[in-house]
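Here the structure comes first, spelled out in structure tokens, and everything after it is commentary.
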Amino acid sequence: MIMFRKALALAFVAGLASATLAHAGGITPEKQADARTKVETAVALANIAKADKDGEAMLVAARMLAEAGPVAEQGAKMTDGKPTFIDAGKMAAMAKELGADAKKADAVASMATSGETARSDGYWYYSCDSYNNCQWIYAGY
């Protein structure tokens with residue numbers, strides 16, 4: 001019975017979150033899910049690239065994050081009500097230091113600092129509920 005209640009509550013919350021997020025910025029649920037997957041993948045790839053000192057992988061992760069829009073650093077404290085964002089420009093510079101193609105790294109750094117992202121009406125942050133169900137969520141401004 002307890003498992004049924006948990007499953008029912010989780011389904012309700014997931015449905016409510018999906019409906020709310022899908023309407024944020026007029027993005028369809030499919031596009032929202034694709035964007036979430038890209039952010040998840042890019043953050044995981046950046047972590048792997050950093051651990052393996054792989055410049056090319058870091059460059060791909062930086063490009064993906066620059067395209068995704070602002071992404072909050074996991075576990076970083078908020079200052080003045082705003083999170084600390086992952087700096088794709090710094091990631092591109094790190095990729096260059098790790099041996100990635102300099103021209104490509106400069107292009108990604110330029111893209112990251114230009115503010116030209118897929119979304120600019122909010123930011124991505126990592127959230128876990130009380131059941132340790134974790135996911136990237138887009139919060140609109």
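Note on naming: chains are A, B, ... as they come in the structure tokens, residues start from 1 per chain, ligands start from 1 in the order shown.
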
Item checked: Spatial neighbours of segment 79-83 of chain A, 10 Å, only C-alpha atoms, chain gap at least 5 places, as an MDAnalysis selection string -> chainID A and resid 70:74 123:125

Item checked: Long-range neighbours of Ala42 of chain A as a list in words, 8 Å cut-off, only C-alpha atoms, 5 positions minimum in chain ->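 Once the nearby chain positions are removed, what remains is Val60, Ala61, Ala62, Met64 and Leu65 of chain A.
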
Next item on the list: Mind checking which residues fall within 10 Å of Ser110 of chain A, counting only C-alpha atoms, ignoring those fewer than 6 positions away in the same chain, and posting them as an MDAnalysis selection string?
Entry: chainID A and resid 66 88:89 92 104 116

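Secondary structure by DSSP on the backbone puts the following residues of segment 83-130 of chain A in alpha helix (DSSP H): A:Ala88, A:Gly89, A:Lys90, A:Met91, A:Ala92, A:Ala93, A:Met94, A:Ala95, A:Lys96, A:Glu97, A:Ala102, A:Lys103, A:Lys104, A:Ala105, A:Asp106, A:Ala107, A:Val108, A:Ala109, A:Ser110, A:Met111, A:Ala112, A:Thr113, A:Ser114.
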
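Among the candidate residues A:Ala46, A:Leu98, A:Ala57, A:Ala51, the one lying nearest to Ile86 of chain A is A:Ala46, with distances computed using only C-alpha atoms.
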
Notebook entry, point to check: Using only C-alpha atoms, which residue out of A:Met78, A:Ala68, A:Met58, A:Ala93 lies closest to Asp121 of chain A?
Noted result: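 Result for the nearest residue to Asp121 of chain A: A:Ala68.
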
Next item on the list: Identify which of the residues A:Cys128, A:Ala95, A:Ala105, A:Ile137 lies closest to Glu40 of chain A, counting only C-alpha atoms when measuring atom-to-atom distances.
Entry: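 Of the candidates, the smallest distance to Glu40 of chain A is held by A:Ile137.
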
Notebook entry, point to check: Of the candidates A:Gly75, A:Gly99, A:Pro29, A:Gly122, which shows the shortest atom-to-atom distance to Leu59 of chain A, using only C-alpha atoms?
Noted result: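 The shortest atom-to-atom distance to Leu59 of chain A comes from A:Gly99.
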
Next item on the list: From a DSSP calculation on the backbone, collect every residue of segment 21-102 of chain A in strand (DSSP E or B) and output the set as a count of residues only.
Entry: 5
